[in-house]
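What follows is start-v3.txt (compact mmCIF, C-alpha atoms).
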```
# COMPACT_ATOMS: atom_id res chain seq x y z
CA MET V 24 25.86 -27.87 13.29
CA GLU V 25 23.19 -25.35 14.03
CA SER V 26 25.51 -22.55 15.00
CA PHE V 27 27.85 -23.24 12.08
CA GLU V 28 25.05 -23.06 9.52
CA GLN V 29 23.71 -19.93 11.06
CA THR V 30 27.05 -18.19 10.96
CA ASP V 31 27.15 -19.20 7.33
CA GLY V 32 23.78 -17.62 6.62
CA ASN V 33 24.88 -14.53 8.48
CA ARG V 34 28.08 -14.37 6.49
CA ASP V 35 26.18 -14.49 3.19
CA GLU V 36 24.00 -11.66 4.36
CA LEU V 37 27.07 -9.69 5.43
CA ILE V 38 28.69 -10.20 2.03
CA ILE V 39 25.54 -9.01 0.27
CA GLN V 40 25.35 -6.02 2.57
CA GLN V 41 28.98 -5.14 1.93
CA GLN V 42 28.50 -5.47 -1.82
CA ARG V 43 25.48 -3.16 -1.66
CA GLU V 44 27.49 -0.60 0.29
CA ILE V 45 30.26 -0.59 -2.30
CA GLU V 46 27.73 -0.21 -5.12
CA LYS V 47 26.06 2.58 -3.23
CA GLU V 48 29.32 4.42 -2.75
CA ILE V 49 30.15 4.23 -6.46
CA SER V 50 26.70 5.19 -7.61
CA GLU V 51 26.26 8.07 -5.21
CA SER V 52 29.35 9.79 -6.55
CA THR V 53 27.33 10.40 -9.76
CA PRO V 54 24.28 12.68 -9.67
CA LEU V 55 20.99 10.95 -10.48
CA VAL V 56 20.95 12.99 -13.70
CA SER V 57 23.86 15.25 -14.70
CA GLU V 58 23.93 18.57 -16.53
CA GLN V 59 24.30 18.49 -20.31
CA LEU V 60 27.93 17.72 -21.13
CA PRO V 61 29.69 17.91 -24.50
CA LEU V 62 29.67 14.47 -26.09
CA THR V 63 33.41 14.64 -26.50
CA CYS V 64 33.76 14.30 -22.72
CA LEU V 65 33.44 10.57 -23.31
CA ARG V 66 36.90 10.53 -24.86
CA ALA V 67 38.56 10.97 -21.51
CA GLU V 68 37.15 7.62 -20.38
CA TYR V 69 38.68 5.72 -23.29
CA GLU V 70 42.00 7.44 -23.73
CA GLY V 71 44.38 5.38 -25.84
CA ASP V 72 41.57 3.10 -26.98
CA GLU V 73 41.44 3.34 -30.77
CA ILE V 74 38.11 1.63 -31.34
CA PHE V 75 36.24 3.73 -28.81
CA THR V 76 37.99 6.95 -29.79
CA ALA V 77 37.06 6.44 -33.46
CA LYS V 78 33.48 5.62 -32.56
CA ILE V 79 33.10 8.63 -30.27
CA GLN V 80 34.43 10.75 -33.15
CA GLU V 81 31.69 9.38 -35.40
CA LEU V 82 29.02 9.78 -32.77
CA ALA V 83 30.01 13.41 -32.22
CA LYS V 84 28.98 14.15 -35.81
CA LYS V 85 25.39 13.30 -34.94
CA TYR V 86 25.11 14.28 -31.29
CA LYS V 87 26.32 17.36 -29.49
CA PHE V 88 25.55 16.59 -25.88
CA ILE V 89 25.22 13.78 -23.43
CA ARG V 90 23.49 13.76 -20.04
CA ARG V 91 24.74 11.15 -17.65
CA THR V 92 22.57 9.13 -15.32
CA ARG V 93 23.56 7.36 -12.13
CA PRO V 94 24.64 3.76 -12.77
CA ASP V 95 22.31 2.18 -10.22
CA GLY V 96 20.43 -0.31 -12.39
CA ASN V 97 17.61 2.17 -12.92
CA CYS V 98 19.45 4.15 -15.60
CA PHE V 99 17.30 3.16 -18.57
CA PHE V 100 14.06 4.12 -16.84
CA ARG V 101 15.47 7.35 -15.41
CA ALA V 102 17.08 8.37 -18.71
CA PHE V 103 13.93 7.56 -20.66
CA ALA V 104 11.67 9.49 -18.29
CA TYR V 105 13.91 12.55 -18.19
CA SER V 106 14.44 12.65 -21.93
CA TYR V 107 10.78 12.14 -22.80
CA LEU V 108 9.49 14.70 -20.29
CA GLU V 109 12.10 17.15 -21.57
CA TYR V 110 10.76 16.62 -25.10
CA LEU V 111 7.19 17.15 -23.89
CA ILE V 112 8.03 20.53 -22.34
CA SER V 113 8.21 21.99 -25.83
CA ASN V 114 5.48 19.81 -27.40
CA ASN V 115 2.22 20.71 -25.78
CA SER V 116 -0.09 18.46 -27.79
CA ALA V 117 2.09 15.39 -27.14
CA TYR V 118 2.25 16.46 -23.48
CA GLN V 119 -1.54 16.56 -23.21
CA GLU V 120 -1.80 13.12 -24.82
CA PHE V 121 0.77 11.67 -22.46
CA ARG V 122 -0.91 13.21 -19.48
CA LYS V 123 -4.17 11.51 -20.42
CA LEU V 124 -2.41 8.19 -20.94
CA ALA V 125 -0.67 8.51 -17.57
CA GLU V 126 -3.91 9.43 -15.83
CA ALA V 127 -5.68 6.37 -17.25
CA SER V 128 -2.76 4.03 -16.63
CA LYS V 129 -3.56 3.45 -12.96
CA GLU V 130 -6.97 1.99 -13.67
CA LYS V 131 -5.43 -0.18 -16.35
CA LEU V 132 -2.78 -1.51 -13.98
CA VAL V 133 -5.41 -2.26 -11.35
CA GLN V 134 -7.37 -4.20 -13.95
CA LEU V 135 -4.20 -6.12 -14.77
CA GLY V 136 -4.07 -7.19 -11.13
CA PHE V 137 -1.75 -4.69 -9.44
CA PRO V 138 -2.82 -3.82 -5.88
CA SER V 139 -4.58 -0.47 -6.03
CA PHE V 140 -3.54 0.44 -2.50
CA THR V 141 0.23 0.29 -3.03
CA LEU V 142 0.00 1.58 -6.61
CA GLU V 143 -1.65 4.82 -5.59
CA ASP V 144 1.35 6.60 -4.11
CA PHE V 145 3.52 5.94 -7.16
CA HIS V 146 0.79 7.05 -9.54
CA ASP V 147 0.10 10.21 -7.52
CA THR V 148 3.77 11.14 -7.51
CA PHE V 149 4.06 10.38 -11.22
CA MET V 150 1.12 12.68 -11.98
CA GLU V 151 2.54 15.39 -9.72
CA VAL V 152 5.83 15.29 -11.62
CA ILE V 153 4.00 15.50 -14.96
CA SER V 154 2.02 18.50 -13.70
CA ARG V 155 5.15 20.27 -12.52
CA VAL V 156 6.72 20.11 -15.97
CA SER V 157 3.69 21.35 -17.89
CA PRO V 158 4.55 23.34 -21.04
CA GLU V 159 1.75 25.71 -20.09
CA ASN V 160 3.76 27.14 -17.22
CA ALA V 161 3.66 30.92 -17.60
CA GLU V 162 7.25 31.30 -16.47
CA GLY V 163 8.56 29.79 -19.69
CA THR V 164 10.39 26.74 -21.00
CA ALA V 165 13.75 27.41 -19.36
CA LYS V 166 12.08 27.56 -15.97
CA VAL V 167 10.26 24.26 -16.55
CA GLN V 168 13.47 22.62 -17.73
CA SER V 169 15.25 23.60 -14.55
CA GLU V 170 12.26 22.31 -12.58
CA LEU V 171 12.54 18.96 -14.39
CA HIS V 172 16.22 18.78 -13.57
CA LYS V 173 15.57 19.60 -9.94
CA ILE V 174 12.84 16.98 -9.62
CA PHE V 175 14.95 14.25 -11.19
CA ASN V 176 17.78 14.90 -8.77
CA GLU V 177 15.50 14.61 -5.75
CA GLN V 178 15.76 10.94 -4.90
CA GLY V 179 12.20 10.61 -3.62
CA TYR V 180 10.58 11.92 -6.80
CA SER V 181 13.14 10.50 -9.19
CA ASP V 182 12.88 6.97 -7.79
CA TYR V 183 9.08 7.02 -7.68
CA VAL V 184 9.01 7.92 -11.37
CA VAL V 185 11.29 4.93 -12.00
CA VAL V 186 9.02 2.64 -9.97
CA TYR V 187 5.95 3.75 -11.88
CA LEU V 188 7.59 3.21 -15.27
CA ARG V 189 8.66 -0.24 -14.09
CA LEU V 190 5.03 -0.99 -13.25
CA ILE V 191 3.81 0.25 -16.65
CA THR V 192 6.47 -1.95 -18.27
CA SER V 193 5.45 -4.93 -16.18
CA GLY V 194 1.78 -4.31 -17.00
CA LYS V 195 2.55 -4.28 -20.73
CA LEU V 196 4.45 -7.56 -20.44
CA GLN V 197 1.44 -9.10 -18.80
CA GLU V 198 -1.07 -7.60 -21.21
CA ASP V 199 0.80 -9.01 -24.22
CA ALA V 200 2.29 -12.02 -22.44
CA ASP V 201 1.93 -14.33 -25.45
CA PHE V 202 4.09 -12.03 -27.53
CA TYR V 203 6.74 -11.21 -24.92
CA GLN V 204 7.10 -14.80 -23.73
CA ASN V 205 9.08 -15.45 -26.95
CA PHE V 206 11.81 -13.04 -25.89
CA ILE V 207 12.40 -14.45 -22.45
CA GLU V 208 15.49 -16.55 -22.04
CA GLY V 209 15.89 -19.43 -19.64
CA ASP V 210 13.22 -20.99 -17.52
CA PHE V 211 11.41 -17.80 -16.55
CA THR V 212 7.68 -17.55 -17.07
CA ILE V 213 6.53 -14.04 -17.97
CA GLU V 214 5.08 -13.77 -14.47
CA GLU V 215 8.40 -14.63 -12.81
CA PHE V 216 10.29 -12.34 -15.16
CA ARG V 217 8.04 -9.41 -14.26
CA HIS V 218 8.42 -9.95 -10.52
CA GLN V 219 12.14 -10.70 -10.63
CA GLU V 220 13.52 -8.50 -13.40
CA VAL V 221 11.09 -5.64 -13.97
CA GLU V 222 9.20 -4.56 -10.85
CA PRO V 223 12.01 -4.48 -8.27
CA MET V 224 14.20 -1.37 -8.17
CA TYR V 225 17.85 -1.49 -9.26
CA LYS V 226 17.31 -4.36 -11.72
CA GLU V 227 18.93 -3.57 -15.07
CA SER V 228 16.94 -3.25 -18.28
CA ASP V 229 17.21 -5.33 -21.38
CA HIS V 230 15.67 -4.96 -24.86
CA ILE V 231 12.45 -6.49 -23.67
CA HIS V 232 12.00 -3.79 -21.01
CA ILE V 233 12.62 -1.09 -23.60
CA ILE V 234 10.23 -2.54 -26.17
CA ALA V 235 7.46 -3.03 -23.62
CA LEU V 236 7.76 0.48 -22.18
CA CYS V 237 8.01 2.20 -25.58
CA THR V 238 5.01 0.28 -26.83
CA ALA V 239 2.98 0.98 -23.71
CA ILE V 240 3.61 4.72 -23.94
CA GLY V 241 3.76 4.93 -27.72
CA VAL V 242 7.19 6.55 -27.91
CA GLY V 243 10.07 5.78 -30.25
CA VAL V 244 13.53 5.39 -28.72
CA ARG V 245 16.82 5.27 -30.59
CA VAL V 246 19.68 3.58 -28.76
CA GLU V 247 23.25 4.09 -29.97
CA TYR V 248 25.46 1.17 -28.99
CA LEU V 249 28.98 2.21 -28.10
CA ASP V 250 30.87 -1.04 -27.68
CA ARG V 251 33.89 -2.94 -28.88
CA GLY V 252 32.05 -4.31 -31.93
CA GLU V 253 33.57 -4.16 -35.42
CA GLY V 254 33.93 -1.03 -37.53
CA SER V 255 34.19 2.63 -36.63
CA GLN V 256 30.43 3.17 -36.80
CA VAL V 257 28.25 3.13 -33.73
CA LYS V 258 25.28 0.86 -34.34
CA ALA V 259 21.87 2.34 -33.66
CA HIS V 260 18.66 0.50 -32.93
CA ASP V 261 15.15 1.93 -32.91
CA PHE V 262 12.50 0.68 -30.50
CA PRO V 263 9.88 -0.28 -31.55
CA GLU V 264 11.47 -1.14 -34.88
CA GLY V 265 10.72 1.35 -37.64
CA SER V 266 9.44 4.04 -35.28
CA GLU V 267 10.39 7.70 -35.40
CA PRO V 268 12.60 8.32 -32.38
CA THR V 269 11.72 10.94 -29.81
CA VAL V 270 14.14 9.79 -27.12
CA TYR V 271 17.84 9.25 -27.86
CA LEU V 272 20.01 7.15 -25.57
CA ILE V 273 23.55 5.88 -25.64
CA TYR V 274 24.27 2.39 -24.36
CA ARG V 275 27.63 1.30 -23.13
CA PRO V 276 27.75 -2.23 -21.72
CA GLY V 277 25.62 -2.12 -18.59
CA HIS V 278 24.61 1.54 -18.77
CA TYR V 279 22.32 4.08 -20.49
CA ASP V 280 22.78 7.85 -20.75
CA ILE V 281 20.79 10.52 -22.64
CA LEU V 282 21.91 11.88 -26.02
CA TYR V 283 21.05 15.17 -27.73
CA PRO V 284 21.03 15.08 -31.55
CA ASN V 285 22.35 18.05 -33.53
CA MET S 10 13.12 10.14 0.46
CA ALA S 11 12.15 9.41 4.05
CA GLY S 12 9.12 11.66 3.46
CA SER S 13 7.56 9.29 0.96
CA ALA S 14 8.47 6.29 3.15
CA LEU S 15 6.70 7.89 6.08
CA ARG S 16 3.63 8.72 3.99
CA ARG S 17 3.44 5.15 2.77
CA LEU S 18 3.95 3.65 6.25
CA MET S 19 1.20 5.85 7.68
CA ALA S 20 -1.14 4.75 4.90
CA GLU S 21 -0.31 1.10 5.51
CA TYR S 22 -0.86 1.48 9.23
CA LYS S 23 -4.24 3.07 8.63
CA GLN S 24 -5.23 0.32 6.24
CA LEU S 25 -4.11 -2.43 8.63
CA THR S 26 -6.02 -0.82 11.49
CA MET S 27 -9.23 -0.36 9.55
CA ASP S 28 -9.21 -3.70 7.80
CA PRO S 29 -6.89 -6.09 9.63
CA PRO S 30 -6.37 -9.55 8.14
CA GLU S 31 -7.43 -12.35 10.45
CA GLY S 32 -4.89 -13.23 13.10
CA ILE S 33 -2.63 -10.26 12.46
CA ALA S 34 -2.14 -6.97 14.27
CA ALA S 35 0.66 -4.55 13.47
CA GLY S 36 1.65 -0.94 13.97
CA PRO S 37 4.43 1.42 15.00
CA ILE S 38 5.84 0.82 18.48
CA SER S 39 5.66 4.56 19.09
CA GLU S 40 3.87 7.21 17.06
CA ASP S 41 7.16 9.16 17.10
CA ASN S 42 8.86 6.59 14.93
CA PHE S 43 6.99 4.99 12.07
CA PHE S 44 10.08 3.05 10.98
CA GLU S 45 9.84 0.48 13.78
CA TRP S 46 6.75 -1.65 14.12
CA GLU S 47 5.58 -4.41 16.34
CA ALA S 48 3.44 -7.18 14.92
CA LEU S 49 1.43 -9.87 16.68
CA ILE S 50 0.82 -13.01 14.69
CA ALA S 51 -1.63 -15.70 15.74
CA GLY S 52 -0.42 -19.22 15.07
CA PRO S 53 -2.47 -20.57 12.15
CA GLU S 54 -5.34 -22.89 13.02
CA GLY S 55 -4.84 -26.57 12.47
CA THR S 56 -1.05 -26.27 12.79
CA CYS S 57 1.32 -26.96 15.65
CA PHE S 58 1.53 -23.19 16.25
CA GLU S 59 -2.24 -22.86 16.76
CA GLY S 60 -3.21 -20.88 19.84
CA GLY S 61 0.04 -18.96 20.13
CA VAL S 62 0.41 -15.21 19.73
CA PHE S 63 3.87 -14.48 18.42
CA PRO S 64 5.34 -10.97 18.73
CA ALA S 65 7.76 -9.70 16.11
CA ARG S 66 9.50 -6.48 15.21
CA LEU S 67 9.73 -4.89 11.77
CA VAL S 68 12.39 -2.30 10.94
CA PHE S 69 11.91 -0.26 7.77
CA PRO S 70 14.76 1.28 5.74
CA PRO S 71 14.66 5.00 4.85
CA ASP S 72 13.99 4.09 1.20
CA TYR S 73 10.99 1.86 2.02
CA PRO S 74 9.07 0.66 -0.04
CA LEU S 75 11.87 0.56 -2.62
CA SER S 76 13.70 -1.79 -0.25
CA PRO S 77 12.02 -4.28 2.09
CA PRO S 78 11.93 -4.11 5.91
CA LYS S 79 13.68 -6.59 8.17
CA MET S 80 11.64 -8.77 10.45
CA LYS S 81 12.54 -10.52 13.67
CA PHE S 82 10.47 -12.50 16.15
CA THR S 83 11.01 -11.22 19.67
CA CYS S 84 9.79 -14.42 21.35
CA ASP S 85 11.48 -17.83 21.35
CA MET S 86 10.94 -19.54 18.03
CA PHE S 87 11.89 -22.90 16.61
CA HIS S 88 11.16 -23.07 12.91
CA PRO S 89 13.11 -24.02 9.74
CA ASN S 90 12.81 -20.49 8.30
CA ILE S 91 13.60 -18.49 11.41
CA PHE S 92 17.16 -17.95 12.63
CA ALA S 93 17.93 -18.68 16.27
CA ASP S 94 18.02 -14.91 16.93
CA GLY S 95 14.48 -14.56 15.60
CA ARG S 96 15.25 -13.15 12.14
CA VAL S 97 12.69 -14.25 9.58
CA CYS S 98 14.09 -15.68 6.40
CA ILE S 99 11.53 -15.75 3.61
CA SER S 100 11.75 -14.71 -0.01
CA ILE S 101 9.38 -11.74 0.16
CA LEU S 102 11.78 -10.01 2.57
CA HIS S 103 14.47 -10.04 -0.12
CA ALA S 104 14.77 -8.25 -3.44
CA PRO S 105 15.80 -10.59 -6.26
CA GLY S 106 19.59 -10.83 -6.30
CA ASP S 107 19.88 -10.38 -2.53
CA ASP S 108 19.62 -14.04 -2.08
CA PRO S 109 21.41 -15.59 0.87
CA MET S 110 19.18 -18.66 0.78
CA GLY S 111 18.95 -19.46 -2.92
CA TYR S 112 15.18 -19.18 -3.12
CA GLU S 113 13.32 -20.74 -6.00
CA LEU S 114 12.68 -18.64 -9.10
CA SER S 115 8.97 -18.66 -8.51
CA ALA S 116 9.24 -17.55 -4.88
CA GLU S 117 7.56 -14.26 -4.13
CA ARG S 118 10.04 -11.38 -3.90
CA TRP S 119 10.06 -7.88 -2.56
CA SER S 120 9.03 -5.11 -4.93
CA PRO S 121 7.63 -1.65 -4.17
CA VAL S 122 4.03 -2.80 -4.68
CA GLN S 123 4.29 -5.40 -1.91
CA SER S 124 3.23 -4.32 1.57
CA VAL S 125 3.49 -5.07 5.29
CA GLU S 126 0.23 -6.95 5.00
CA LYS S 127 1.63 -9.18 2.24
CA ILE S 128 4.73 -9.86 4.36
CA LEU S 129 2.71 -10.80 7.43
CA LEU S 130 0.42 -13.05 5.41
CA SER S 131 3.52 -14.75 3.98
CA VAL S 132 4.81 -15.23 7.51
CA VAL S 133 1.52 -16.86 8.53
CA SER S 134 1.86 -19.23 5.54
CA MET S 135 5.44 -19.89 6.54
CA LEU S 136 4.35 -20.88 10.05
CA ALA S 137 1.74 -23.21 8.57
CA GLU S 138 4.02 -24.66 5.90
CA PRO S 139 7.74 -24.42 6.64
CA ASN S 140 10.08 -24.54 3.66
CA ASP S 141 12.63 -27.12 4.76
CA GLU S 142 14.81 -26.45 1.68
CA SER S 143 15.95 -23.07 2.98
CA GLY S 144 17.45 -23.87 6.33
CA ALA S 145 17.77 -20.75 8.44
CA ASN S 146 17.57 -23.19 11.33
CA VAL S 147 18.93 -26.51 10.11
CA ASP S 148 18.10 -28.42 13.30
CA ALA S 149 14.50 -27.29 13.04
CA ALA S 150 14.42 -28.22 9.34
CA ILE S 151 15.73 -31.71 10.02
CA MET S 152 13.39 -32.24 12.94
CA TRP S 153 10.43 -30.96 10.89
CA ARG S 154 11.30 -33.44 8.16
CA GLU S 155 12.23 -36.48 10.22
CA ARG S 156 10.77 -36.19 13.71
CA ARG S 157 7.55 -34.28 13.25
CA GLU S 158 6.05 -35.27 16.60
CA GLU S 159 9.03 -33.91 18.48
CA PHE S 160 8.82 -30.71 16.41
CA ASN S 161 5.13 -30.35 17.23
CA ARG S 162 5.86 -30.78 20.96
CA ILE S 163 8.45 -28.01 20.89
CA ALA S 164 6.06 -25.78 18.94
CA GLN S 165 3.30 -26.38 21.51
CA ARG S 166 5.71 -25.46 24.30
CA LEU S 167 6.50 -22.20 22.49
CA VAL S 168 2.79 -21.54 22.07
CA ARG S 169 2.23 -21.91 25.82
CA LYS S 170 5.20 -19.66 26.50
CA THR S 171 3.77 -16.82 24.35
CA LEU S 172 0.56 -17.09 26.38
CA GLY S 173 2.43 -16.95 29.66
CA LEU S 174 1.33 -20.48 30.57
CA PRO S 175 3.64 -22.91 32.35
CA THR S 176 5.60 -25.01 29.86
```
Once you've parsed the file, please lay out its structure as structure tokens.
Amino acid sequence: MESFEQTDGNRDELIIQQQREIEKEISESTPLVSEQLPLTCLRAEYEGDEIFTAKIQELAKKYKFIRRTRPDGNCFFRAFAYSYLEYLISNNSAYQEFRKLAEASKEKLVQLGFPSFTLEDFHDTFMEVISRVSPENAEGTAKVQSELHKIFNEQGYSDYVVVYLRLITSGKLQEDADFYQNFIEGDFTIEEFRHQEVEPMYKESDHIHIIALCTAIGVGVRVEYLDRGEGSQVKAHDFPEGSEPTVYLIYRPGHYDILYPN
Amino acid sequence: MAGSALRRLMAEYKQLTMDPPEGIAAGPISEDNFFEWEALIAGPEGTCFEGGVFPARLVFPPDYPLSPPKMKFTCDMFHPNIFADGRVCISILHAPGDDPMGYELSAERWSPVQSVEKILLSVVSMLAEPNDESGANVDAAIMWRERREEFNRIAQRLVRKTLGLPT
């Protein structure tokens, strides 16, 4: 009995391990964040598919480029961070505001109950990344943009930025728990949801993650939904509702990439 | 990636050395390799493991703390949540989704803001209060549930063994 059960437990762990290895192989064939690509490159993925082809056609009227992110469950956070920091490079006053907000965020998270000791490293790295993409760099915007791209393709930095945004998101959910509780499906409490679906790496994002992060940082995000839904139009949704978007993302079931409007 | 893992592990080691929680000591086996630690855990007072000092080994992945370490007792153990080979099976050592044991929703999971200290404290709680729903060692779980005195006797024998006393 004992040895049988233990083999069983071992087998489950082996299956999980194997699954993770397959996921890793797939995801590592995509860079963490790609170069800008013409939006029309999406066509190749849906060749012969009339609905998608028509929708990509429509989308191409509004957006010129797409930047792909690695499909590792962190794509929303990575895409959001890249796109917003890229916007800030050419908007110094917004950059200064964000820098202040980011600086103060650690204390806020500690007050919300996050352990200061383990938070520190993520906050330090986050601030370092923000400093390295300052619009005040004397070498010019193009140089800072290439620095941003370099940073986001270095796993250590890129993942720490994702972790920190996850913590800000989790903090917001806790701060306004009464409000966000209404959006949580199933038997989760907000506390469980934060620990299970927000804070751990590689967990995919849903609307609630997006709303909480956008609200916490005070940034509008427009998401274009490219799916099999009716009509030839791609449906867009702004988070928080009615806001002026700064970050543009495309969502295909299970995955977010960055969009560049005309 | 391993650079930030190393930085974090060094900080955790420093913290654990300066301000160790009661009944716990942990640190790298060799200063050349911060990714393998040894921990000594005192059996919690008032439990059948009281008096014992249980050695365990922690192995950290290169992407720590994004992913959790693995933990294994290196002494003989008999406990519902410890495999016969010593591997510790508690929820905090797993990210949500990696769930061989079907932990409860509310069970504490790994996330990058957890720490070695939190793991070791969870292990102390586990020694004090086994979870007989998640049977890493089914015999131990059944005995814990149905023949507690026999379980306690085995635990006391293991305690003596860790102290090098005749069993």
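Here atom CA of S:Val122 is placed at a distance of 22.1 Å from atom CA of S:Ile50.
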Open item on the list: Using all atoms listed in the file, which protein or nucleic acid residues come within 10 Å of S:Ala116? Drop anything in the same chain fewer than 3 positions from it, and give the result as a list in words.
Closed with: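 The residues satisfying every condition are Glu215, His218 and Gln219 of chain V; Ile99, Ser100, Ile101, Pro105, Tyr112, Glu113 and Trp119 of chain S.
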Using 12 Å as the limit and counting all atoms listed in the file, can you tabulate each residue of stretch 52-148 of chain V that touches stretch 126-135 of chain S, with its shortest atom-to-atom distance in Å and the two atoms involved, as a Markdown table?
```
| residue | atom | partner | partner_atom | distance |
| --- | --- | --- | --- | --- |
| V:Pro138 | CA | S:Lys127 | CA | 10.7 |
| V:Phe140 | CA | S:Glu126 | CA | 11.2 |
| V:Thr141 | CA | S:Glu126 | CA | 10.8 |
```
- [ ] For atom CA of S:Ala164 and atom CA of S:Val147, determine how far apart the two atoms are, in Å to one decimal place.
- [x] 15.6 Å
TODO: Determine the nearest neighbour of V:Ser154 from the options V:Tyr118, V:Tyr183, V:Tyr283, V:Phe175, counting only C-alpha atoms.
DONE: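 Comparing V:Tyr118, V:Tyr183, V:Tyr283, V:Phe175 against V:Ser154, the winner is V:Tyr118.
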Open item on the list: Nearest residue to S:Pro74 out of V:Glu253, V:Asp182, V:Glu247, V:Asp72, using all atoms listed in the file?
Closed with: V:Asp182
TODO: Could you tell me which of S:Thr171, S:Asn90, S:Thr176, S:Ser39 comes closest to chain V if we count all atoms listed in the file?
DONE: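 Checking each of S:Thr171, S:Asn90, S:Thr176, S:Ser39 against chain V, counting all atoms listed in the file, the winner is S:Asn90.
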- [ ] Tell me, as a ChimeraX atom specification, which residues lie within 10 Å of V:Thr148, counting all atoms listed in the file; anything in the same chain fewer than 5 positions away does not count.
- [x] /V:143,153-154,179-181,183-184,187 /S:13
Task: Within 9 Å of chain S: residues of chain V, using all atoms listed in the file, as an NGL selection string - done: :V and (24-26 or 28-29 or 32-36 or 39-40 or 137-138 or 140-142 or 144 or 177-180 or 182-183 or 186 or 190 or 210-212 or 214-215 or 218-220 or 222-224 or 226)
TODO: Find the spatial neighbours of V:Gln256, counting all atoms listed in the file, within a cut-off of 12 Å - ignore same-chain residues fewer than 5 positions away - and output them as number ranges by chain.
DONE: V: 74-85, 247-251
Open item on the list: Report as a VMD selection string all protein, DNA and RNA residues lying within 12 Å of V:Phe99, evaluated on only C-alpha atoms, omitting residues in the same chain fewer than 6 positions from it.
Closed with: chain V and resid 55 to 56 91 to 93 105 to 107 184 to 186 188 to 189 192 221 224 to 234 236 to 237 244 246 270 to 275 277 to 281
Open item on the list: Need to verify the contact set: stretch 151-155 of chain S, 8 Å, all atoms listed in the file, exclusion of same-chain residues closer than 4 positions in sequence. Can you return it as a ChimeraX atom specification?
Closed with: /S:89,141,147,159-160
Task: One-decimal distance in Å that lies between atom CA of S:Leu18 and atom CA of V:Lys129 - done: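 Here the two named atoms are 20.6 Å from each other.
Residue nearest V:Gly96, chosen from V:Phe149, V:Glu170, V:Lys47, V:Arg217 and counting all atoms listed in the file: V:Lys47.
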Adding 4 Å on each side of the box along x, y and z that holds all listed atoms of stretch 127-130 of chain S, could you give its centre and edge lengths in Å to one decimal, as JSON?
```
{"center_x": 2.6, "center_y": -11.1, "center_z": 4.8, "size_x": 12.3, "size_y": 11.9, "size_z": 13.2}
```
For stretch 116-128 of chain S, supply N, CA and C atoms and format the output as a CSV table (one decimal), in the coordinates of the input.
```
chain,number,residue,atom,x,y,z
S,116,ALA,N,9.6,-18.1,-6.2
S,116,ALA,CA,9.2,-17.6,-4.9
S,116,ALA,C,8.9,-16.1,-4.9
S,117,GLU,N,8.0,-15.6,-4.1
S,117,GLU,CA,7.6,-14.3,-4.1
S,117,GLU,C,8.7,-13.4,-3.6
S,118,ARG,N,9.0,-12.3,-4.3
S,118,ARG,CA,10.0,-11.4,-3.9
S,118,ARG,C,9.5,-10.0,-3.5
S,119,TRP,N,10.4,-9.2,-2.9
S,119,TRP,CA,10.1,-7.9,-2.6
S,119,TRP,C,10.0,-7.0,-3.8
S,120,SER,N,9.0,-6.2,-3.9
S,120,SER,CA,9.0,-5.1,-4.9
S,120,SER,C,8.2,-4.0,-4.3
S,121,PRO,N,8.3,-2.8,-4.8
S,121,PRO,CA,7.6,-1.6,-4.2
S,121,PRO,C,6.1,-1.8,-4.1
S,122,VAL,N,5.5,-2.7,-4.8
S,122,VAL,CA,4.0,-2.8,-4.7
S,122,VAL,C,3.6,-3.9,-3.6
S,123,GLN,N,4.6,-4.5,-3.0
S,123,GLN,CA,4.3,-5.4,-1.9
S,123,GLN,C,4.0,-4.5,-0.7
S,124,SER,N,3.6,-5.1,0.4
S,124,SER,CA,3.2,-4.3,1.6
S,124,SER,C,3.5,-5.1,2.9
S,125,VAL,N,3.3,-4.4,4.0
S,125,VAL,CA,3.5,-5.1,5.3
S,125,VAL,C,2.5,-6.2,5.4
S,126,GLU,N,1.3,-5.9,4.9
S,126,GLU,CA,0.2,-7.0,5.0
S,126,GLU,C,0.6,-8.2,4.2
S,127,LYS,N,1.2,-8.0,3.0
S,127,LYS,CA,1.6,-9.2,2.2
S,127,LYS,C,2.7,-10.0,3.0
S,128,ILE,N,3.6,-9.2,3.6
S,128,ILE,CA,4.7,-9.9,4.4
S,128,ILE,C,4.1,-10.7,5.5
```
